[in-house]
Structures are given as structure tokens and as C-alpha cells.
file run_8.txt (compact mmCIF, C-alpha atoms)
# COMPACT_ATOMS: atom_id res chain seq x y z
CA MET H 32 0.00 0.00 0.00
CA ALA H 33 1.36 3.44 -0.95
CA ALA H 34 2.27 5.73 1.93
CA LYS H 35 0.01 8.71 2.52
CA PHE H 36 1.47 12.06 3.51
CA THR H 37 -0.74 14.30 5.63
CA PRO H 38 -0.27 18.12 5.75
CA SER H 39 1.40 17.75 9.16
CA CYS H 40 3.87 15.24 7.67
CA PHE H 41 4.63 17.68 4.89
CA LEU H 42 5.39 20.42 7.42
CA LEU H 43 7.68 18.17 9.44
CA ILE H 44 9.56 17.09 6.33
CA SER H 45 9.86 20.64 4.99
CA GLN H 46 11.14 21.90 8.36
CA PHE H 47 13.73 19.10 8.47
CA ILE H 48 14.92 19.96 4.96
CA LEU H 49 15.08 23.65 5.90
CA LEU H 50 17.28 22.83 8.90
CA LEU H 51 19.59 20.85 6.65
CA ASN H 52 19.73 23.67 4.12
CA ILE H 53 21.04 26.33 6.52
CA GLN H 54 24.77 25.85 6.29
CA ILE H 55 26.65 26.11 9.56
CA THR H 56 30.16 27.42 9.33
CA SER H 57 32.69 29.14 11.57
CA ALA H 58 35.85 31.24 11.81
CA LYS H 59 35.11 33.98 9.26
CA VAL H 60 32.47 35.66 11.43
CA PRO H 61 33.29 35.50 15.17
CA ALA H 62 30.18 37.43 16.25
CA VAL H 63 26.83 38.74 15.04
CA ILE H 64 25.94 42.25 16.21
CA VAL H 65 22.37 43.47 15.75
CA PHE H 66 20.67 46.87 15.59
CA GLY H 67 17.04 47.55 14.76
CA ASP H 68 13.40 47.23 15.77
CA SER H 69 10.95 44.48 16.78
CA SER H 70 11.92 42.36 13.79
CA VAL H 71 15.16 41.58 15.66
CA ASP H 72 14.65 42.75 19.27
CA THR H 73 15.50 39.80 21.52
CA GLY H 74 14.47 41.36 24.82
CA ASN H 75 15.83 44.88 25.27
CA ASN H 76 12.35 46.37 25.63
CA ASN H 77 11.86 44.15 28.69
CA ARG H 78 14.23 46.50 30.54
CA ILE H 79 12.75 49.89 29.61
CA GLN H 80 9.56 51.77 30.48
CA THR H 81 7.35 51.18 27.46
CA ILE H 82 4.06 49.45 26.74
CA LEU H 83 5.63 47.79 23.69
CA LYS H 84 6.65 44.45 25.20
CA SER H 85 6.25 40.76 24.45
CA ASN H 86 7.77 39.11 27.52
CA PHE H 87 4.60 37.14 28.29
CA LYS H 88 2.83 34.13 26.84
CA PRO H 89 1.88 33.10 24.21
CA TYR H 90 4.96 34.91 22.85
CA GLY H 91 7.91 32.52 22.96
CA ARG H 92 5.79 29.40 23.25
CA ASP H 93 7.96 27.65 20.64
CA PHE H 94 11.26 29.07 21.90
CA GLN H 95 13.63 26.86 23.90
CA GLY H 96 11.80 25.93 27.08
CA GLY H 97 8.59 27.55 25.84
CA GLN H 98 9.38 30.80 27.62
CA PRO H 99 8.71 34.36 26.41
CA THR H 100 11.96 36.28 25.94
CA GLY H 101 10.78 39.63 24.60
CA ARG H 102 10.97 38.49 20.97
CA PHE H 103 7.85 39.49 19.05
CA CYS H 104 7.42 35.96 17.80
CA ASN H 105 6.41 32.47 18.87
CA GLY H 106 10.10 31.51 18.68
CA ARG H 107 13.28 32.83 17.14
CA VAL H 108 13.77 35.93 14.96
CA PRO H 109 15.85 36.13 11.73
CA SER H 110 19.04 37.33 13.44
CA ASP H 111 19.00 34.22 15.63
CA PHE H 112 18.95 31.95 12.59
CA ILE H 113 21.61 33.99 10.81
CA SER H 114 23.85 33.76 13.89
CA GLU H 115 23.44 29.99 13.92
CA ALA H 116 24.16 29.75 10.21
CA PHE H 117 27.47 31.56 10.71
CA GLY H 118 28.56 29.14 13.42
CA CYS H 119 27.79 31.45 16.32
CA LYS H 120 25.13 30.87 18.97
CA PRO H 121 21.61 29.77 17.92
CA PHE H 122 20.23 32.92 19.49
CA VAL H 123 21.60 36.45 19.98
CA PRO H 124 21.16 37.77 23.54
CA ALA H 125 19.78 41.21 24.31
CA TYR H 126 22.39 43.67 25.58
CA LEU H 127 20.17 44.87 28.43
CA ASP H 128 19.40 41.36 29.67
CA PRO H 129 21.20 40.99 33.05
CA ASN H 130 21.36 37.21 32.60
CA TYR H 131 24.16 37.67 30.05
CA GLY H 132 27.61 39.19 30.29
CA ILE H 133 30.49 40.24 28.09
CA ASN H 134 31.64 36.64 27.51
CA ASP H 135 28.23 35.91 25.96
CA PHE H 136 28.20 39.17 24.03
CA ALA H 137 31.66 38.50 22.58
CA VAL H 138 30.04 36.06 20.11
CA GLY H 139 26.80 37.94 19.57
CA VAL H 140 24.86 40.87 20.99
CA ASP H 141 21.55 42.55 20.20
CA PHE H 142 20.89 46.27 20.71
CA ALA H 143 17.52 46.37 18.91
CA SER H 144 14.39 47.91 20.40
CA ALA H 145 10.86 47.13 19.26
CA GLY H 146 9.07 50.22 17.97
CA THR H 147 12.16 52.17 17.01
CA GLY H 148 13.16 53.51 13.61
CA TYR H 149 15.78 55.60 11.88
CA ASP H 150 13.88 58.72 12.93
CA ASN H 151 14.15 59.72 16.60
CA ALA H 152 10.51 60.81 16.42
CA THR H 153 9.53 57.21 15.67
CA ALA H 154 11.16 55.93 18.86
CA ALA H 155 9.38 58.67 20.81
CA VAL H 156 5.93 57.37 19.78
CA MET H 157 6.22 54.32 22.07
CA SER H 158 9.04 55.59 24.33
CA VAL H 159 11.55 53.03 23.10
CA ILE H 160 15.30 53.11 22.47
CA PRO H 161 16.23 55.44 19.58
CA LEU H 162 18.82 54.35 17.07
CA TRP H 163 21.43 56.81 18.36
CA LYS H 164 21.11 55.23 21.82
CA GLU H 165 21.59 51.75 20.33
CA LEU H 166 24.88 53.04 18.97
CA GLU H 167 25.83 54.44 22.39
CA TYR H 168 25.22 51.01 23.89
CA TYR H 169 27.47 49.57 21.19
CA LYS H 170 30.27 51.97 22.16
CA GLU H 171 29.86 50.88 25.77
CA TYR H 172 29.98 47.26 24.61
CA GLN H 173 33.29 47.92 22.82
CA GLN H 174 34.79 49.27 26.04
CA LYS H 175 33.68 46.18 27.96
CA LEU H 176 34.97 43.91 25.21
CA ARG H 177 38.41 45.53 25.23
CA ALA H 178 38.59 45.30 29.01
CA SER H 179 37.66 41.62 28.90
CA ALA H 180 39.43 40.30 25.80
CA GLY H 181 42.24 42.81 25.30
CA ASP H 182 42.64 45.25 22.42
CA ALA H 183 43.97 42.78 19.86
CA LYS H 184 41.17 40.24 20.28
CA ALA H 185 38.54 42.94 20.58
CA ASN H 186 39.72 44.57 17.36
CA GLU H 187 39.51 41.23 15.60
CA ILE H 188 35.96 40.62 16.78
CA ILE H 189 34.88 44.17 15.92
CA SER H 190 36.32 44.11 12.40
CA GLU H 191 35.31 40.54 11.50
CA ALA H 192 31.84 40.51 13.07
CA LEU H 193 28.73 40.58 10.91
CA TYR H 194 26.56 43.62 11.67
CA LEU H 195 22.83 43.32 10.99
CA LEU H 196 20.52 46.33 10.74
CA SER H 197 16.76 45.75 10.49
CA LEU H 198 14.44 48.73 10.79
CA GLY H 199 12.40 51.27 8.82
CA THR H 200 8.86 49.85 8.90
CA ASN H 201 7.88 51.83 12.01
CA ASP H 202 9.07 55.08 10.46
CA PHE H 203 6.30 54.78 7.89
CA LEU H 204 3.49 52.84 9.59
CA GLU H 205 3.85 54.11 13.17
CA ASN H 206 5.06 57.63 12.43
CA TYR H 207 4.66 59.19 8.98
CA TYR H 208 1.25 57.68 8.20
CA MET H 209 -0.24 58.05 11.66
CA PRO H 210 -3.02 60.63 12.10
CA LEU H 211 -1.74 64.13 12.90
CA SER H 212 1.84 63.13 12.07
CA ASN H 213 4.27 66.03 12.27
CA ARG H 214 6.56 64.34 9.75
CA ALA H 215 3.76 64.17 7.15
CA ARG H 216 3.31 67.93 7.53
CA GLN H 217 7.05 68.55 7.22
CA TYR H 218 7.92 66.24 4.32
CA THR H 219 6.48 64.67 1.21
CA ILE H 220 6.86 60.90 1.28
CA GLU H 221 9.92 61.02 -0.98
CA GLU H 222 11.50 63.77 1.09
CA TYR H 223 10.91 61.69 4.21
CA GLN H 224 12.52 58.64 2.62
CA ASN H 225 15.55 60.75 1.74
CA PHE H 226 15.61 62.06 5.32
CA LEU H 227 15.74 58.47 6.60
CA ILE H 228 18.43 57.53 4.09
CA GLY H 229 20.54 60.40 5.40
CA ILE H 230 20.21 59.04 8.93
CA ALA H 231 21.12 55.54 7.71
CA GLU H 232 24.19 56.95 5.95
CA ASN H 233 25.38 58.74 9.08
CA PHE H 234 24.79 55.66 11.23
CA ILE H 235 26.71 53.31 8.91
CA THR H 236 29.54 55.82 8.56
CA GLU H 237 29.91 56.09 12.33
CA LEU H 238 29.71 52.31 12.69
CA TYR H 239 32.49 52.06 10.10
CA GLN H 240 34.59 54.59 12.00
CA LEU H 241 34.17 52.44 15.10
CA GLY H 242 35.65 49.47 13.25
CA ALA H 243 32.74 47.66 11.59
CA ARG H 244 33.41 46.33 8.08
CA LYS H 245 30.83 43.62 7.29
CA ILE H 246 27.41 45.25 7.41
CA SER H 247 24.00 44.06 6.26
CA LEU H 248 21.43 46.80 5.77
CA GLY H 249 17.96 45.30 6.05
CA GLY H 250 15.28 46.22 3.53
CA LEU H 251 11.53 46.34 4.00
CA CYS H 252 9.06 43.54 3.35
CA PRO H 253 5.70 44.27 1.62
CA ILE H 254 4.48 46.36 4.56
CA GLY H 255 1.09 46.89 2.95
CA CYS H 256 0.37 43.16 3.31
CA LEU H 257 0.84 42.94 7.07
CA PRO H 258 -2.41 41.67 8.66
CA LEU H 259 -2.79 44.96 10.52
CA GLU H 260 -2.65 46.92 7.28
CA ARG H 261 -5.01 44.50 5.55
CA SER H 262 -7.53 45.08 8.37
CA ARG H 263 -7.51 48.79 7.55
CA GLN H 264 -8.58 47.88 4.00
CA ILE H 265 -11.69 46.08 5.24
CA PHE H 266 -14.09 48.18 3.17
CA SER H 267 -12.15 47.44 -0.01
CA GLY H 268 -11.81 43.68 0.42
CA SER H 269 -9.03 43.42 3.07
CA GLY H 270 -6.36 43.19 0.41
CA CYS H 271 -2.85 44.59 0.57
CA ASN H 272 -2.27 48.32 0.65
CA GLU H 273 -0.36 48.65 -2.61
CA ASP H 274 0.59 52.25 -1.92
CA TYR H 275 2.51 51.08 1.14
CA ASN H 276 4.08 48.25 -0.82
CA LYS H 277 5.32 50.74 -3.41
CA ILE H 278 6.85 52.83 -0.63
CA ALA H 279 8.68 49.73 0.63
CA ARG H 280 10.03 49.00 -2.86
CA ASP H 281 11.07 52.62 -3.37
CA PHE H 282 12.81 52.74 0.00
CA ASN H 283 14.62 49.48 -0.73
CA GLY H 284 15.83 51.03 -3.96
CA LYS H 285 17.19 54.01 -2.06
CA LEU H 286 18.95 51.65 0.37
CA SER H 287 20.60 49.95 -2.61
CA GLY H 288 21.75 53.32 -3.90
CA LEU H 289 23.19 54.19 -0.49
CA THR H 290 25.00 50.85 -0.41
CA ASP H 291 26.63 51.50 -3.78
CA LYS H 292 27.69 54.97 -2.65
CA LEU H 293 29.25 53.90 0.66
CA ASN H 294 31.00 50.87 -0.83
CA GLN H 295 32.82 53.33 -3.10
CA GLN H 296 33.51 55.93 -0.42
CA LEU H 297 34.52 53.85 2.61
CA SER H 298 37.67 51.83 2.02
CA GLY H 299 37.41 48.19 3.07
CA ILE H 300 33.71 48.23 3.91
CA ARG H 301 31.54 45.36 2.69
CA LEU H 302 28.02 46.72 2.84
CA VAL H 303 25.08 44.77 1.44
CA VAL H 304 21.30 45.17 1.36
CA SER H 305 19.44 42.18 2.77
CA ASN H 306 16.16 42.71 0.93
CA PRO H 307 13.36 40.39 2.12
CA TYR H 308 10.69 41.90 -0.13
CA ASP H 309 10.59 39.28 -2.89
CA ILE H 310 10.75 36.18 -0.68
CA PHE H 311 8.04 37.63 1.57
CA LEU H 312 5.84 38.49 -1.41
CA GLU H 313 6.27 34.99 -2.82
CA MET H 314 5.16 33.47 0.50
CA MET H 315 2.21 35.85 0.70
CA MET H 316 1.04 35.16 -2.85
CA LYS H 317 1.69 31.38 -2.81
CA PRO H 318 1.52 30.31 0.84
CA SER H 319 0.68 26.67 0.14
CA GLN H 320 3.94 26.21 -1.75
CA PHE H 321 5.74 26.94 1.52
CA GLY H 322 3.42 24.79 3.64
CA PHE H 323 1.39 27.70 5.01
CA GLU H 324 -2.36 27.63 5.32
CA SER H 325 -2.79 31.32 6.13
CA ALA H 326 -0.97 34.43 4.93
CA ALA H 327 -3.67 37.08 5.36
CA VAL H 328 -4.36 36.69 9.08
CA ALA H 329 -2.03 35.92 11.97
CA CYS H 330 -1.94 33.06 14.48
CA CYS H 331 -2.40 35.06 17.66
CA ALA H 332 -5.93 36.00 18.75
CA THR H 333 -8.18 36.87 15.78
CA GLY H 334 -5.06 37.48 13.69
CA ILE H 335 -6.43 40.72 12.33
CA PHE H 336 -5.17 43.55 14.54
CA GLU H 337 -3.73 42.16 17.79
CA MET H 338 -0.13 42.45 18.90
CA GLY H 339 1.67 43.05 22.19
CA TYR H 340 -0.66 43.00 25.20
CA MET H 341 -3.70 42.32 22.98
CA CYS H 342 -2.05 39.02 22.07
CA ASP H 343 -2.34 37.28 25.44
CA ALA H 344 -2.42 33.70 26.63
CA SER H 345 -6.11 33.77 27.53
CA ASN H 346 -7.35 34.58 24.03
CA PRO H 347 -9.33 31.55 22.80
CA PHE H 348 -8.84 32.36 19.13
CA THR H 349 -5.06 31.85 19.04
CA CYS H 350 -4.09 29.06 16.64
CA LYS H 351 -2.74 25.70 17.79
CA ASP H 352 0.04 25.36 15.19
CA ALA H 353 1.92 28.53 14.30
CA ASN H 354 3.91 26.65 11.65
CA THR H 355 0.92 26.86 9.32
CA TYR H 356 0.79 30.66 9.58
CA LEU H 357 2.97 33.23 7.86
CA PHE H 358 2.36 35.76 10.65
CA TRP H 359 2.45 35.28 14.41
CA ASP H 360 0.67 38.52 15.34
CA ALA H 361 -0.77 41.29 13.19
CA PHE H 362 2.67 42.84 12.66
CA HIS H 363 5.28 40.09 13.04
CA PRO H 364 6.11 36.82 11.25
CA THR H 365 6.15 33.38 12.83
CA GLU H 366 9.39 31.60 13.68
CA ARG H 367 8.98 29.40 10.61
CA THR H 368 8.67 32.45 8.35
CA ASN H 369 11.73 34.00 10.00
CA HIS H 370 13.61 30.75 9.36
CA ILE H 371 12.73 30.77 5.65
CA VAL H 372 13.72 34.44 5.26
CA ALA H 373 17.01 33.94 7.11
CA ASP H 374 17.84 30.88 5.02
CA HIS H 375 17.15 32.85 1.83
CA LEU H 376 19.39 35.74 2.91
CA VAL H 377 22.23 33.45 4.04
CA LYS H 378 22.22 31.66 0.69
CA THR H 379 22.09 34.85 -1.37
CA VAL H 380 23.29 38.25 -0.25
CA LEU H 381 25.04 37.11 2.95
CA ALA H 382 26.80 34.14 1.30
CA GLN H 383 29.85 36.30 0.56
CA PHE H 384 30.56 36.47 4.30
CA LEU H 385 30.51 32.69 4.82
call {"tool": "encode", "arguments": {"input": "run_8.txt", "output": "C-alpha cells"}}
result
Amino acid sequence: MAAKFTPSCFLLISQFILLLNIQITSAKVPAVIVFGDSSVDTGNNNRIQTILKSNFKPYGRDFQGGQPTGRFCNGRVPSDFISEAFGCKPFVPAYLDPNYGINDFAVGVDFASAGTGYDNATAAVMSVIPLWKELEYYKEYQQKLRASAGDAKANEIISEALYLLSLGTNDFLENYYMPLSNRARQYTIEEYQNFLIGIAENFITELYQLGARKISLGGLCPIGCLPLERSRQIFSGSGCNEDYNKIARDFNGKLSGLTDKLNQQLSGIRLVVSNPYDIFLEMMMKPSQFGFESAAVACCATGIFEMGYMCDASNPFTCKDANTYLFWDAFHPTERTNHIVADHLVKTVLAQFL
């Protein structure tokens, strides 16, 4: 009798293949250092006064031990998978987490803060860590690293580490396009994008001056297709907001232009754009090909608008198996989606660093 494969079998097999496909290596990248927003925050917001937190269940239910860590996900985020693929730890600890010290951070450290953006005004919306402060924490980290490992070893780690930046979505969705936005009164959308690009340029230049050489500049996914944005299109069919998607594509193009410029200007830098737009769009348009059953709504609660404290353990609508969903909450992908995106980036744009 021929064997029958159920959907759950297909998911198990596809996950196993995905694990095999992420190549694990070592030596060339001694550490992964992360800056950004909730797409890569691994718990820094736990330690600040903000309502934007995820250190409670059901967040983290598929993480090691089933415990919430402050990641806006049911499990790991892309930077965790990228770290593992480069032979570092399978997760990148948050800099403000007192359970970790400089010996842990020497092989990977995360400065990201959920809700932040390139624009300081974006961080102010939810009272989170602005990008300039993330850089100040990095400078402090360098001092601790030198004191612990010595200048020679510290310089090696700093220059050979892979730096990941992942932010920008909040600048548009939680700042520029919010009602009564000051930025929308100050700038046209293209002017605002150029304003953000200028901040990104200054940040990368300062990071370079501090010794960083291998830098990945994260692009935007199709932000108009996030469940939260679809819910705002309810009277037009709950489809994607194509205006927002165009903004994401345009901004990614400007990031590519900035990358070309800085690679020419800054001697020895290896700056790349890790653009997740196409792989995300493919999963959104053809979810079944990736083993997903839902791409329009999220796993947590109703999957339409909830995130953070609205996504709580007592909500009866939360799905049983997050692996069948593209999104965990209305704004953030599931661990399985993060794994697919990380695998794609490691095999393409980040492969030069392996």
C-alpha cells in the first residue's frame, strides 16, 4: 500500500529539509551584532519603560523551554537563525538582559528595540530606544569587550563581526502615516525617505569609523500586506495596501543606492542590502507552496489587529500550530517564516561572508 502524507507530515519534512539547508560554518564571522526594531529585538524592551513588550505568553511558546523572551514571535527571529548559520550561537542575547555578560556578548549581541526607527521621532511614539542610543550602547559594549578580551582580540571581533541592521517599517506605519503626524506635515513621502536615508548613511559611517566592516542593511518587506494593514482595508476587500508596498520598494531602492555609494567611499567596507521583499511576497502570494495555510491573518488571537498586550495567553482564538501561519501577530512573522527568510538571505546576499 502506498504511503500517505498528511499536511502535518509535509510540514515536518519541509522543516527538516530547511534545517539541513542552513549551512553552519565558523571562523570567518566570530560574532553577530544586531541593531534595529521588533523584527530583531530579543528582549531589550523588557528593561525599559514602554508598553511595547512581548515578555509574556503566548509569545515565545515555541522558543527553547517555551518561555517568552521579549521576541515578538512564537520563537526565534531572523538574526538568531543567521547567527546559527554563521557558526555562532543559535540565538543572539539582548544587551540589556542581566542574565548575560560580556563573555556571551563576545560572540553575539543585540541592541535592537521594538518600535524604534531611523527617525528619533519614531522611537518617541512608544518611548523606546532610539537608534542613536543603540549606537551608544554599542560603544559601551566595545569598552567592555576591550577590558575583557584585550585590544587585539577585541579589534579582531569588531572588524570581522557581521553587523545586521533591520528597521524602517515603524518610520512609515507608526510615524509618517499616523493621524496628525508632524513628519507628514514637514515632508512629502519622498522627502521623508531621503531624510531616513541620510540618517542611515550617518549611522553606517559612524559604525564604520568604530571598526565595523561587514554590514547588512535590512530592507523592508511588503508592509502593505501585514495583517494589521489589511484590516484597515476592510471596506475594499481586506487586500494589501499597494501604496505602502510601493513605498517599501522605493525605499529598498534608495537603500541599494546608499550601499553602492558607501562601498565606493569607505575603504574596506563590505556593505550589502538584505532585501526580504521578494521572498516575503512569494510566501504571501503562494503560501501553500511553503506549507502555510494562512498568509492574510495571523496566528495570535483573531489574527487581524492584535499584537503586544492584545495578544495574550487567555485569548481563545489563538491558533494551535503557528507553523501553518505566515504571521504570528498582526505585525510580526512566525518563527517558521523567519527561518525561511534567514535561510534565503544566508544563501544569497550574505553568502559572501561565509
call {"tool": "closest_atom_pairs", "arguments": {"input": "run_8.txt", "of": "region 268-338 of chain H", "to": "region 219-230 of chain H", "cutoff": "9 Å", "atoms": "only C-alpha atoms", "output": "Markdown table"}}
result
| residue | atom | partner | partner_atom | distance |
| --- | --- | --- | --- | --- |
| H:Ile278 | CA | H:Ile220 | CA | 8.3 |
| H:Asp281 | CA | H:Gln224 | CA | 8.6 |
| H:Phe282 | CA | H:Gln224 | CA | 6.5 |
| H:Lys285 | CA | H:Ile228 | CA | 7.2 |
| H:Leu286 | CA | H:Ile228 | CA | 7.0 |
| H:Leu289 | CA | H:Ile228 | CA | 7.4 |
call {"tool": "residues_around", "arguments": {"input": "run_8.txt", "residues": "Lys59 (chain H)", "least_positions_apart": "3", "cutoff": "9 Å", "atoms": "all atoms listed in the file", "output": "ChimeraX atom specification"}}
result
/H:56,117,191-192,384-385
call {"tool": "closest_residue", "arguments": {"input": "run_8.txt", "among": "H:Pro161, H:Gly139, H:Pro99, H:Pro318", "to": "Tyr194 (chain H)", "atoms": "only C-alpha atoms"}}
result
H:Gly139
call {"tool": "closest_residue", "arguments": {"input": "run_8.txt", "among": "H:Thr100, H:Ser110, H:Asn134, H:Thr200", "to": "Lys175 (chain H)", "atoms": "only C-alpha atoms"}}
result
H:Asn134
call {"tool": "closest_atom_pairs", "arguments": {"input": "run_8.txt", "of": "region 155-204 of chain H", "to": "region 249-272 of chain H", "cutoff": "12 Å", "atoms": "only C-alpha atoms", "output": "Markdown table"}}
result
| residue | atom | partner | partner_atom | distance |
| --- | --- | --- | --- | --- |
| H:Tyr194 | CA | H:Gly249 | CA | 10.4 |
| H:Leu195 | CA | H:Gly249 | CA | 7.2 |
| H:Leu196 | CA | H:Gly249 | CA | 5.4 |
| H:Ser197 | CA | H:Gly249 | CA | 4.6 |
| H:Leu198 | CA | H:Gly249 | CA | 6.8 |
| H:Gly199 | CA | H:Leu251 | CA | 6.9 |
| H:Thr200 | CA | H:Leu251 | CA | 6.6 |
| H:Asn201 | CA | H:Ile254 | CA | 9.8 |
| H:Asp202 | CA | H:Leu251 | CA | 11.1 |
| H:Phe203 | CA | H:Ile254 | CA | 9.2 |
| H:Leu204 | CA | H:Ile254 | CA | 8.3 |
call {"tool": "write_last_selection", "arguments": {"input": "run_8.txt", "atoms": "C-alpha atoms", "output": "PDB file, keeping the file's coordinate frame"}}
result
ATOM      1  CA  TYR H 194      26.560  43.620  11.670  1.00  0.00           C
ATOM      2  CA  LEU H 195      22.830  43.320  10.990  1.00  0.00           C
ATOM      3  CA  LEU H 196      20.520  46.330  10.740  1.00  0.00           C
ATOM      4  CA  SER H 197      16.760  45.750  10.490  1.00  0.00           C
ATOM      5  CA  LEU H 198      14.440  48.730  10.790  1.00  0.00           C
ATOM      6  CA  GLY H 199      12.400  51.270   8.820  1.00  0.00           C
ATOM      7  CA  THR H 200       8.860  49.850   8.900  1.00  0.00           C
ATOM      8  CA  ASN H 201       7.880  51.830  12.010  1.00  0.00           C
ATOM      9  CA  ASP H 202       9.070  55.080  10.460  1.00  0.00           C
ATOM     10  CA  PHE H 203       6.300  54.780   7.890  1.00  0.00           C
ATOM     11  CA  LEU H 204       3.490  52.840   9.590  1.00  0.00           C
TER      12      LEU H 204
END
call {"tool": "residues_around", "arguments": {"input": "run_8.txt", "residues": "region 102-106 of chain H", "least_positions_apart": "5", "cutoff": "6 Å", "atoms": "all atoms listed in the file", "output": "PyMOL selection string"}}
result
chain H and resi 72-74+85+90-94+365-366
call {"tool": "atom_distance", "arguments": {"input": "run_8.txt", "atom1": "CA of Leu193 (chain H)", "atom2": "CA of Lys245 (chain H)"}}
result
5.2 Å
call {"tool": "closest_atom_pairs", "arguments": {"input": "run_8.txt", "of": "region 50-151 of chain H", "to": "region 343-348 of chain H", "cutoff": "9 Å", "atoms": "all atoms listed in the file", "output": "Markdown table"}}
result
| residue | atom | partner | partner_atom | distance |
| --- | --- | --- | --- | --- |
| H:Phe87 | CA | H:Asp343 | CA | 7.5 |
| H:Lys88 | CA | H:Ala344 | CA | 5.3 |
| H:Pro89 | CA | H:Ala344 | CA | 5.0 |
| H:Tyr90 | CA | H:Asp343 | CA | 8.1 |
call {"tool": "atom_distance", "arguments": {"input": "run_8.txt", "atom1": "CA of Cys350 (chain H)", "atom2": "CA of Val372 (chain H)"}}
result
21.8 Å
call {"tool": "closest_residue", "arguments": {"input": "run_8.txt", "among": "H:Ile133, H:Leu166, H:Ile113, H:Ile335", "to": "Tyr239 (chain H)", "atoms": "all atoms listed in the file"}}
result
H:Leu166
call {"tool": "closest_residue", "arguments": {"input": "run_8.txt", "among": "H:Ser114, H:Asn76, H:Asn151, H:Asn233", "to": "Ala373 (chain H)", "atoms": "all atoms listed in the file"}}
result
H:Ser114
call {"tool": "closest_residue", "arguments": {"input": "run_8.txt", "among": "H:Leu238, H:Ala125, H:Val108, H:Val63", "to": "Arg78 (chain H)", "atoms": "all atoms listed in the file"}}
result
H:Ala125
call {"tool": "residues_around", "arguments": {"input": "run_8.txt", "residues": "region 294-305 of chain H", "least_positions_apart": "2", "cutoff": "7 Å", "atoms": "all atoms listed in the file", "output": "PyMOL selection string"}}
result
chain H and resi 244-250+286-287+290-292+307+376+380
call {"tool": "residues_around", "arguments": {"input": "run_8.txt", "residues": "Phe358 (chain H)", "least_positions_apart": "5", "cutoff": "8 Å", "atoms": "all atoms listed in the file", "output": "count of residues only"}}
result
9
call {"tool": "atom_distance", "arguments": {"input": "run_8.txt", "atom1": "CA of Asp141 (chain H)", "atom2": "CA of Asp309 (chain H)"}}
result
25.8 Å
call {"tool": "closest_residue", "arguments": {"input": "run_8.txt", "among": "H:Gly339, H:Pro124, H:Pro109, H:Gly322", "to": "Ala137 (chain H)", "atoms": "all atoms listed in the file"}}
result
H:Pro124
call {"tool": "residues_near_point", "arguments": {"input": "run_8.txt", "point": "(-2.1, 42.5, 15.2)", "cutoff": "7 Å", "atoms": "all atoms listed in the file", "output": "ChimeraX atom specification"}}
result
/H:258-259,334-338,360-362
